[in-house]
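Coordinates as given in upload-v8.txt (compact mmCIF, C-alpha atoms):
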# COMPACT_ATOMS: atom_id res chain seq x y z
CA MET A 1 4.93 72.60 19.35
CA GLU A 2 7.68 72.61 16.76
CA ASN A 3 8.33 68.91 17.40
CA VAL A 4 4.73 68.21 16.34
CA LEU A 5 4.36 70.65 13.43
CA ARG A 6 7.65 69.78 11.74
CA PRO A 7 6.95 66.07 11.09
CA LEU A 8 3.31 66.87 10.31
CA ILE A 9 4.31 69.43 7.68
CA VAL A 10 7.00 67.20 6.16
CA ILE A 11 4.99 63.97 6.01
CA GLY A 12 1.62 65.60 5.32
CA GLY A 13 3.11 67.87 2.68
CA SER A 14 4.72 64.88 0.92
CA VAL A 15 1.44 62.97 0.87
CA VAL A 16 -0.61 65.97 -0.31
CA LEU A 17 1.92 66.85 -2.98
CA THR A 18 1.93 63.23 -4.16
CA LEU A 19 -1.87 63.13 -4.44
CA PHE A 20 -1.97 66.47 -6.26
CA ILE A 21 0.68 65.51 -8.83
CA GLY A 22 -0.96 62.12 -9.32
CA TRP A 23 -4.38 63.72 -9.88
CA VAL A 24 -2.98 66.22 -12.39
CA THR A 25 -1.12 63.48 -14.27
CA ASP A 26 -4.21 61.25 -14.40
CA LEU A 27 -6.30 64.19 -15.65
CA LEU A 28 -3.83 64.87 -18.44
CA LEU A 29 -3.79 61.18 -19.42
CA ARG A 30 -7.60 61.07 -19.58
CA LYS A 31 -7.67 64.12 -21.83
CA ALA A 32 -4.97 62.68 -24.07
CA ASP A 33 -6.86 59.39 -24.28
CA ALA A 34 -10.06 61.18 -25.29
CA ARG A 35 -8.23 63.27 -27.86
CA HIS A 36 -6.33 60.38 -29.53
CA ASP A 37 -8.80 57.68 -30.50
CA ASP A 38 -6.28 55.99 -32.80
CA THR A 39 -4.11 54.69 -29.95
CA THR A 40 -4.72 53.04 -26.58
CA LEU A 41 -1.38 54.14 -25.12
CA TRP A 42 -2.72 56.93 -22.90
CA GLY A 43 -5.50 54.79 -21.48
CA LEU A 44 -3.05 51.96 -20.77
CA LEU A 45 -0.62 54.33 -19.05
CA ARG A 46 -3.33 55.12 -16.50
CA ARG A 47 -2.88 51.60 -15.14
CA GLY A 48 0.43 52.76 -13.68
CA ARG A 49 -1.03 55.54 -11.52
CA VAL A 50 -0.68 53.51 -8.30
CA PRO A 51 3.05 52.73 -8.66
CA TYR A 52 3.55 56.28 -10.00
CA GLN A 53 2.11 57.83 -6.85
CA LEU A 54 4.04 55.35 -4.72
CA VAL A 55 7.29 56.43 -6.40
CA LEU A 56 6.48 60.10 -5.81
CA CYS A 57 5.57 59.59 -2.18
CA ALA A 58 8.64 57.47 -1.43
CA ALA A 59 10.93 59.96 -3.18
CA PHE A 60 9.48 62.96 -1.33
CA LEU A 61 9.66 61.23 2.04
CA ARG A 62 13.18 59.94 1.40
CA ALA A 63 14.39 63.43 0.47
CA SER A 64 12.68 65.30 3.32
CA TYR A 65 12.70 62.79 6.17
CA ASP A 66 15.85 64.24 7.74
CA GLN A 67 14.05 67.59 8.19
CA ALA A 68 11.18 65.89 9.99
CA GLN A 69 13.41 64.95 12.93
CA LEU A 70 11.08 62.06 13.78
CA LEU A 71 12.33 58.86 15.42
CA GLU A 72 15.94 59.91 15.21
CA GLU A 73 17.17 56.64 16.74
CA HIS A 74 15.58 54.72 13.81
CA ARG A 75 16.58 57.16 11.11
CA VAL A 76 18.88 54.73 9.30
CA GLY A 77 16.33 51.92 9.26
CA ILE A 78 13.48 54.16 8.07
CA GLY A 79 15.69 55.64 5.34
CA GLN A 80 16.67 52.13 4.23
CA THR A 81 12.99 51.09 4.10
CA LEU A 82 12.03 54.13 2.04
CA THR A 83 14.87 53.37 -0.37
CA LEU A 84 13.67 49.79 -0.82
CA VAL A 85 10.10 51.00 -1.40
CA LEU A 86 11.35 53.52 -3.94
CA ILE A 87 13.30 50.86 -5.88
CA GLY A 88 10.40 48.40 -5.86
CA ALA A 89 7.84 51.02 -6.91
CA THR A 90 10.13 52.24 -9.70
CA ALA A 91 10.47 48.69 -11.03
CA TRP A 92 6.68 48.25 -10.84
CA LEU A 93 6.15 51.51 -12.74
CA MET A 94 8.69 50.56 -15.42
CA ILE A 95 6.93 47.23 -16.02
CA ARG A 96 3.55 48.97 -16.35
CA VAL A 97 4.93 51.57 -18.78
CA ALA A 98 6.68 48.92 -20.89
CA ALA A 99 3.51 46.80 -20.99
CA ALA A 100 1.43 49.82 -22.03
CA ILE A 101 3.81 50.67 -24.88
CA VAL A 102 3.95 47.07 -26.13
CA GLU A 103 0.18 46.50 -25.89
CA SER A 104 -0.66 49.76 -27.65
CA SER A 105 1.75 48.90 -30.46
CA TYR A 106 0.15 45.47 -30.82
CA ALA A 107 -3.37 46.94 -30.83
CA ARG A 108 -2.40 49.38 -33.59
CA TYR A 109 -0.85 46.55 -35.62
CA ALA A 110 -3.86 44.26 -35.13
CA ARG A 111 -6.23 46.94 -36.44
CA ALA A 112 -4.08 47.61 -39.51
CA SER A 113 -3.33 43.98 -40.43
CA ARG A 114 -5.80 41.64 -42.14
CA ASP A 115 -3.65 38.51 -41.80
CA ALA A 116 -5.03 36.64 -38.79
CA ALA A 117 -2.07 34.26 -38.60
CA ARG A 118 0.43 37.13 -38.55
CA VAL A 119 -1.59 38.90 -35.85
CA ARG A 120 -1.53 35.76 -33.67
CA ARG A 121 2.22 35.50 -34.20
CA VAL A 122 2.80 39.12 -33.13
CA ARG A 123 0.51 38.63 -30.14
CA THR A 124 2.56 35.63 -28.99
CA GLN A 125 5.82 37.54 -29.38
CA VAL A 126 4.43 40.60 -27.59
CA THR A 127 3.25 38.48 -24.66
CA LEU A 128 6.60 36.79 -24.20
CA ILE A 129 8.56 40.03 -24.68
CA THR A 130 6.49 41.65 -21.93
CA ARG A 131 7.22 38.74 -19.61
CA VAL A 132 10.94 38.83 -20.38
CA VAL A 133 11.08 42.58 -19.70
CA ALA A 134 9.21 42.10 -16.43
CA ALA A 135 11.62 39.33 -15.38
CA ILE A 136 14.70 41.42 -16.23
CA VAL A 137 13.39 44.49 -14.43
CA GLY A 138 12.48 42.35 -11.41
CA VAL A 139 15.95 40.82 -11.22
CA VAL A 140 17.64 44.21 -11.55
CA ALA A 141 15.35 45.66 -8.85
CA VAL A 142 16.15 42.83 -6.43
CA ALA A 143 19.87 43.25 -7.11
CA ALA A 144 19.60 46.99 -6.51
CA MET A 145 17.77 46.37 -3.22
CA LEU A 146 20.46 43.96 -2.04
CA LEU A 147 23.24 46.38 -2.93
CA THR A 148 21.74 49.01 -0.62
CA PHE A 149 22.88 46.93 2.35
CA PRO A 150 26.52 47.55 3.30
CA ALA A 151 27.15 43.87 3.97
CA MET A 152 26.04 42.97 0.46
CA ARG A 153 28.30 45.61 -1.07
CA ALA A 154 31.24 44.16 0.84
CA ALA A 155 30.40 40.69 -0.40
CA GLY A 156 30.10 41.86 -3.99
CA ALA A 157 33.68 41.06 -4.88
CA SER A 158 33.45 37.48 -3.60
CA LEU A 159 30.12 36.99 -5.35
CA LEU A 160 31.60 38.09 -8.67
CA ALA A 161 34.62 35.84 -8.14
CA SER A 162 32.41 32.80 -7.59
CA ALA A 163 29.93 33.68 -10.36
CA GLY A 164 31.33 31.01 -12.68
CA VAL A 165 30.90 28.19 -10.18
CA LEU A 166 27.46 29.43 -9.14
CA GLY A 167 26.41 29.64 -12.78
CA ILE A 168 27.39 26.01 -13.40
CA VAL A 169 25.60 24.83 -10.26
CA ALA A 170 22.48 26.86 -11.08
CA GLY A 171 22.49 25.59 -14.65
CA VAL A 172 22.59 21.96 -13.54
CA ALA A 173 19.98 22.48 -10.80
CA ALA A 174 17.59 24.41 -13.04
CA GLN A 175 18.18 22.52 -16.27
CA SER A 176 14.49 21.89 -16.99
CA THR A 177 13.57 25.48 -16.13
CA LEU A 178 16.22 26.88 -18.43
CA ALA A 179 15.15 24.47 -21.17
CA ASN A 180 11.58 25.72 -20.89
CA LEU A 181 12.79 29.33 -20.87
CA PHE A 182 14.73 28.95 -24.12
CA ALA A 183 11.92 26.87 -25.60
CA GLY A 184 9.50 29.71 -24.88
CA LEU A 185 11.74 32.15 -26.73
CA GLN A 186 12.10 29.67 -29.59
CA ILE A 187 8.30 29.32 -29.84
CA ALA A 188 7.82 33.10 -29.81
CA PHE A 189 10.32 33.93 -32.53
CA GLY A 190 10.35 30.64 -34.44
CA ASP A 191 6.62 30.89 -35.22
CA MET A 192 6.02 27.26 -34.22
CA VAL A 193 2.78 27.88 -32.35
CA ARG A 194 0.85 31.06 -31.55
CA ILE A 195 -1.87 32.18 -29.21
CA GLY A 196 -5.19 31.31 -30.82
CA ASP A 197 -3.85 28.44 -32.95
CA THR A 198 -5.88 25.24 -33.19
CA VAL A 199 -3.70 22.26 -32.24
CA VAL A 200 -3.95 18.53 -31.54
CA VAL A 201 -1.67 17.46 -28.68
CA ASP A 202 -1.65 13.92 -27.27
CA GLY A 203 -4.93 13.24 -29.04
CA GLU A 204 -6.60 16.34 -27.52
CA TRP A 205 -8.06 18.97 -29.88
CA GLY A 206 -7.98 22.54 -28.55
CA THR A 207 -6.86 26.15 -28.89
CA ILE A 208 -3.71 27.76 -27.54
CA GLU A 209 -4.96 30.07 -24.80
CA GLU A 210 -1.77 31.23 -23.05
CA ILE A 211 1.98 31.03 -23.65
CA THR A 212 4.47 31.90 -20.93
CA LEU A 213 8.22 31.47 -20.65
CA THR A 214 7.83 28.07 -18.98
CA PHE A 215 4.40 26.58 -19.75
CA LEU A 216 1.64 26.66 -22.34
CA THR A 217 -2.13 26.30 -21.82
CA VAL A 218 -4.41 24.53 -24.30
CA ARG A 219 -8.19 25.09 -24.01
CA THR A 220 -9.95 21.97 -25.28
CA TRP A 221 -13.30 21.88 -27.10
CA ASP A 222 -15.06 20.88 -23.85
CA GLU A 223 -13.52 23.88 -22.02
CA ARG A 224 -10.86 21.95 -20.13
CA ARG A 225 -7.39 23.45 -19.72
CA ILE A 226 -4.29 21.38 -20.41
CA THR A 227 -1.07 22.89 -19.08
CA MET A 228 2.11 21.63 -20.73
CA PRO A 229 5.78 22.67 -20.56
CA VAL A 230 6.79 24.68 -23.60
CA SER A 231 9.73 22.33 -24.14
CA TYR A 232 7.17 19.71 -25.23
CA PHE A 233 6.41 21.69 -28.39
CA THR A 234 10.09 21.89 -29.35
CA SER A 235 10.89 18.21 -28.74
CA LYS A 236 7.77 16.27 -29.80
CA PRO A 237 5.52 16.33 -32.87
CA PHE A 238 2.08 17.95 -32.70
CA GLU A 239 -0.59 19.06 -35.16
CA ASN A 240 -1.07 22.77 -35.79
CA TRP A 241 -4.22 23.25 -37.85
CA SER A 242 -3.77 27.03 -38.02
CA ARG A 243 -0.30 27.06 -39.55
CA GLY A 244 -0.31 28.41 -43.08
CA THR A 245 -3.82 28.93 -44.39
CA PRO A 246 -6.68 28.08 -41.99
CA GLN A 247 -8.63 26.27 -44.75
CA MET A 248 -9.19 22.59 -44.03
CA THR A 249 -10.47 19.42 -45.70
CA GLY A 250 -12.62 17.00 -43.74
CA ILE A 251 -13.64 13.37 -44.28
CA VAL A 252 -16.89 11.60 -43.35
CA TYR A 253 -17.11 7.80 -43.64
CA PHE A 254 -20.32 5.81 -44.16
CA GLN A 255 -20.79 2.08 -43.82
CA VAL A 256 -23.62 1.11 -46.19
CA ASP A 257 -24.97 -1.94 -47.92
CA HIS A 258 -23.53 -3.04 -51.25
CA SER A 259 -26.80 -2.04 -52.91
CA ALA A 260 -26.51 1.61 -51.78
CA PRO A 261 -27.12 4.16 -54.59
CA VAL A 262 -23.70 5.83 -54.77
CA ASP A 263 -24.66 8.25 -57.56
CA ALA A 264 -27.73 9.39 -55.65
CA MET A 265 -25.56 9.85 -52.55
CA ARG A 266 -23.25 12.15 -54.52
CA THR A 267 -26.21 14.25 -55.61
CA GLN A 268 -27.58 14.37 -52.07
CA LEU A 269 -24.15 15.38 -50.72
CA ARG A 270 -24.12 18.37 -53.07
CA GLU A 271 -27.59 19.41 -51.89
CA ILE A 272 -26.60 19.09 -48.23
CA LEU A 273 -23.49 21.21 -48.72
CA ARG A 274 -25.35 23.91 -50.63
CA ALA A 275 -27.68 24.32 -47.66
CA CYS A 276 -24.82 24.33 -45.09
CA PRO A 277 -23.46 27.86 -44.36
CA ALA A 278 -20.19 26.46 -42.98
CA TRP A 279 -19.17 24.93 -46.34
CA ASP A 280 -16.81 27.26 -48.20
CA GLY A 281 -17.71 25.95 -51.67
CA ARG A 282 -14.15 24.97 -52.62
CA SER A 283 -14.54 21.24 -53.12
CA TYR A 284 -16.50 18.10 -52.30
CA GLY A 285 -16.55 14.47 -53.40
CA LEU A 286 -17.91 11.02 -52.61
CA VAL A 287 -16.19 7.75 -53.54
CA VAL A 288 -16.21 4.08 -52.48
CA THR A 289 -12.97 3.42 -50.60
CA ASP A 290 -13.37 -0.12 -49.24
CA THR A 291 -15.65 -3.15 -49.05
CA THR A 292 -16.22 -5.98 -46.57
CA PRO A 293 -18.31 -9.13 -46.93
CA ASN A 294 -21.27 -7.30 -45.36
CA THR A 295 -20.83 -3.57 -46.03
CA MET A 296 -19.31 -1.01 -48.35
CA GLU A 297 -17.26 1.98 -47.10
CA VAL A 298 -18.12 5.32 -48.71
CA ARG A 299 -15.98 8.42 -48.09
CA ALA A 300 -17.38 11.92 -48.36
CA LEU A 301 -14.80 14.72 -48.72
CA VAL A 302 -15.76 18.30 -47.75
CA THR A 303 -13.94 21.62 -47.22
CA ALA A 304 -14.32 24.66 -44.94
CA LYS A 305 -12.51 27.89 -44.14
CA ASP A 306 -11.22 26.85 -40.69
CA ALA A 307 -11.20 24.08 -38.09
CA ASP A 308 -14.45 25.15 -36.41
CA ASP A 309 -16.39 25.19 -39.68
CA ILE A 310 -15.00 21.85 -40.86
CA TRP A 311 -16.37 20.24 -37.72
CA THR A 312 -19.79 21.77 -38.40
CA VAL A 313 -19.77 20.59 -42.02
CA ARG A 314 -18.78 17.04 -41.09
CA VAL A 315 -21.45 16.54 -38.44
CA THR A 316 -24.07 18.13 -40.71
CA VAL A 317 -23.22 15.83 -43.63
CA ARG A 318 -23.15 12.75 -41.40
CA GLU A 319 -26.49 13.50 -39.77
CA GLN A 320 -28.43 14.52 -42.88
CA MET A 321 -27.02 11.78 -45.14
CA ILE A 322 -27.99 9.05 -42.67
CA ARG A 323 -31.48 10.52 -42.28
CA TRP A 324 -31.87 10.70 -46.09
CA LEU A 325 -30.78 7.08 -46.51
CA TYR A 326 -33.16 5.95 -43.78
CA VAL A 327 -36.13 7.75 -45.38
CA GLU A 328 -35.43 7.39 -49.09
CA HIS A 329 -33.25 4.27 -49.35
CA PRO A 330 -33.63 2.15 -46.21
CA TYR A 331 -32.29 -0.91 -48.04
CA ALA A 332 -28.92 0.89 -48.29
CA LEU A 333 -28.31 0.83 -44.54
CA PRO A 334 -26.11 -1.98 -43.17
CA ARG A 335 -28.02 -5.14 -42.31
CA VAL A 336 -27.46 -8.81 -41.55
CA ASN A 337 -28.55 -11.04 -44.43
CA THR A 338 -30.45 -14.14 -43.33
CA ALA A 339 -32.03 -15.10 -46.68
CA ASP A 340 -30.68 -17.82 -48.95
CA ALA A 341 -27.98 -16.82 -51.38
CA ALA A 342 -28.79 -16.26 -55.03
CA PRO A 343 -28.70 -19.53 -57.06
CA ILE A 344 -25.61 -20.32 -59.08
CA PRO A 345 -26.34 -20.09 -62.83
CA GLY A 346 -26.90 -23.54 -64.35
CA GLU A 347 -27.40 -25.32 -60.98
CA ASP A 348 -30.66 -26.94 -59.90
CA PRO A 349 -32.14 -24.72 -57.12
CA SER A 350 -34.44 -27.50 -55.80
CA PRO A 351 -33.67 -28.96 -52.37
CA ASN A 352 -33.01 -32.40 -53.82
CA GLY A 353 -31.07 -31.13 -56.75
CA GLY A 354 -27.89 -30.06 -55.10
CA GLY A 355 -29.12 -27.49 -52.50
CA VAL A 356 -28.54 -23.81 -52.97
CA GLY A 357 -25.90 -22.59 -50.54
CA ARG A 358 -25.15 -26.13 -49.29
CA THR A 359 -21.64 -26.69 -48.02
CA ALA A 360 -19.52 -29.80 -48.52
CA HIS A 361 -20.41 -31.04 -45.03
CA GLU A 362 -24.22 -30.69 -45.35
CA PRO A 363 -26.40 -33.63 -46.20
CA PRO A 364 -28.49 -33.42 -49.37
CA GLY A 365 -31.78 -31.61 -48.89
CA VAL A 366 -30.54 -29.39 -46.02
CA THR A 367 -29.65 -25.88 -47.19
CA GLY A 368 -28.73 -22.36 -46.07
CA ALA A 369 -29.08 -21.28 -42.44
CA GLU A 370 -31.13 -24.37 -41.50
CA GLY A 371 -28.32 -26.67 -42.46
CA ARG A 372 -25.82 -24.71 -40.44
CA THR A 373 -27.81 -23.87 -37.31
CA GLY A 374 -30.66 -26.32 -37.24
CA ARG A 375 -33.08 -23.48 -36.40
CA GLY A 376 -33.20 -21.28 -39.45
CA SER A 377 -36.68 -19.83 -38.81
CA ARG A 378 -35.72 -18.66 -35.30
CA SER A 379 -32.51 -17.07 -36.53
CA ALA A 380 -34.41 -15.10 -39.13
CA ASP A 381 -36.91 -13.90 -36.54
CA ASP A 382 -34.14 -12.87 -34.19
CA HIS A 383 -32.57 -10.64 -36.83
CA GLY A 384 -35.79 -9.14 -38.14
Will you turn the file into structure tokens for me?
Amino acid sequence: MENVLRPLIVIGGSVVLTLFIGWVTDLLLRKADARHDDTTLWGLLRRGRVPYQLVLCAAFLRASYDQAQLLEEHRVGIGQTLTLVLIGATAWLMIRVAAAIVESSYARYARASRDAARVRRVRTQVTLITRVVAAIVGVVAVAAMLLTFPAMRAAGASLLASAGVLGIVAGVAAQSTLANLFAGLQIAFGDMVRIGDTVVVDGEWGTIEEITLTFLTVRTWDERRITMPVSYFTSKPFENWSRGTPQMTGIVYFQVDHSAPVDAMRTQLREILRACPAWDGRSYGLVVTDTTPNTMEVRALVTAKDADDIWTVRVTVREQMIRWLYVEHPYALPRVNTADAAPIPGEDPSPNGGGVGRTAHEPPGVTGAEGRTGRGSRSADDHG
């Protein structure tokens, strides 16, 4: 009877005591979270209740297993397993606690700060710091687990002696990984790019969605995800539209006929922008930037408070200006001229008097498109 009650009391008591302490701790954290609305620390600490209970249970069982007198022939192996579980659960709990402290600090800072760029910078640094802490704790936990084996302790001296050679070999073998690791730290603390920044990479426009120690994810405007090594952003040029102030200037080009009313287009641009909520009111302008034999290039310049709004302003101006030209000034739209050219001052416009638009190779009396194609009426019909 004692052989049955002893292990039942030891193991059952450890489990019950673990559940009771875990329940009391969770109750206290809930009350603290309800009492302190200004911080999210207590609510975030509740995420660690599973590793916390696992640590308690492993510690209780490891301390009291010898009194259970259960499976005596496997006592060493069971004790070693409980030790490994205790180390792993402790590392898990430390990572959760560190993440809760860092995230609560960031949340408090984000509420107090009004500078969006600075908040994105802190968020990037907090994310990478959390990952670095998790990696360090994981490495230390694995090392502690290995040192619990007697064979590993005996080999410790030789491992330390060969650490220099192993470090060189590992550095050569993992050169790209180490480069990405240091590039991730450089991005975090060099303020090159931050989570939430709008960037243009390899011709793709998107937003930085995630930054890790080795890779970076860009969410494009059409909701694709581009994953790139972080070393790319430290070795190649890219556009960061969110660096500095988020205000932007956009350009819209129009190809119009030479007879287009430029002054009326400037007035219409002002009316379009006044009715567009995305325009920030800082500046606008419309000028002629280039000409070709058939068209004239007009550039409209507009401003907005960020990259998303500048896109809205540009497409709005382009759409409404073209519609206005089509309705109010259809002659200003690009077209193919098939009529005869205007007569040269002082020259006889009659067919037999020199021929308006006649080239040096045309016979007298044959002019314009008819002289060049031989079917001038059909060409005019084809082009409207």
Taking 4 positions as the minimum chain separation for residues in the same chain, which residues sit within 7 Å of Thr124 of chain A when counting all atoms listed in the file? Answer as a list in words. Arg120, Leu128, Ala188, Arg194 and Ile195 of chain A
Point-to-point distance in Å for atom CA of Arg335 of chain A and atom CA of Gly285 of chain A: 25.3 Å
Which residue is closest to Ala307 of chain A? Choose from A:Met94, A:Ile11, A:Val199, A:Leu54 and count all atoms listed in the file.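 With all atoms listed in the file as the atom set, the closest residue is A:Val199.
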Mind listing whatever residues come within 12 Å of the point (5.3, 20.3, -31.4)? Use only C-alpha atoms, file coordinates, and give them as a PyMOL selection string. chain A and resi 183+186-187+190-194+199-202+216+228-241+243
Set the distance at 8 Å and use all atoms listed in the file: which residues neighbour segment 106-109 of chain A once local chain neighbours fewer than 5 positions away are removed? I'd like the list as a PyMOL selection string. chain A and resi 38-40+119+122-123+126
Could you work out how far atom CA of Gln268 of chain A lies from atom CA of Met296 of chain A, giving the answer in Å with one decimal?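 These atoms are spaced 17.9 Å apart.
Note that atom CA of Arg270 of chain A and atom CA of Arg314 of chain A are 13.2 Å apart.
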Looking at A:Tyr326, A:Phe215, A:Trp221, A:Tyr331, which one is nearest to Ser259 of chain A, with distances taken over all atoms listed in the file?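 The answer is A:Tyr331, which sits nearest to Ser259 of chain A.
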With a distance cut-off of 10 Å and all atoms listed in the file, select the neighbouring residues of Val15 of chain A, excluding the residue or stretch itself and same-chain residues fewer than 2 positions from it, and output the selection as a PyMOL selection string. chain A and resi 9-13+17-20+53-54+56-58+60-61
Contacts of Ile226 of chain A within 10 Å, all atoms listed in the file, excl. fewer than 4 positions in-chain, as a PDB file with C-alpha atoms, in the frame of the given file:
ATOM      1  CA  VAL A 201      -1.670  17.460 -28.680  1.00  0.00           C
ATOM      2  CA  GLU A 204      -6.600  16.340 -27.520  1.00  0.00           C
ATOM      3  CA  GLY A 206      -7.980  22.540 -28.550  1.00  0.00           C
ATOM      4  CA  ILE A 208      -3.710  27.760 -27.540  1.00  0.00           C
ATOM      5  CA  GLU A 209      -4.960  30.070 -24.800  1.00  0.00           C
ATOM      6  CA  LEU A 216       1.640  26.660 -22.340  1.00  0.00           C
ATOM      7  CA  THR A 217      -2.130  26.300 -21.820  1.00  0.00           C
ATOM      8  CA  VAL A 218      -4.410  24.530 -24.300  1.00  0.00           C
ATOM      9  CA  ARG A 219      -8.190  25.090 -24.010  1.00  0.00           C
ATOM     10  CA  THR A 220      -9.950  21.970 -25.280  1.00  0.00           C
TER      11      THR A 220
END
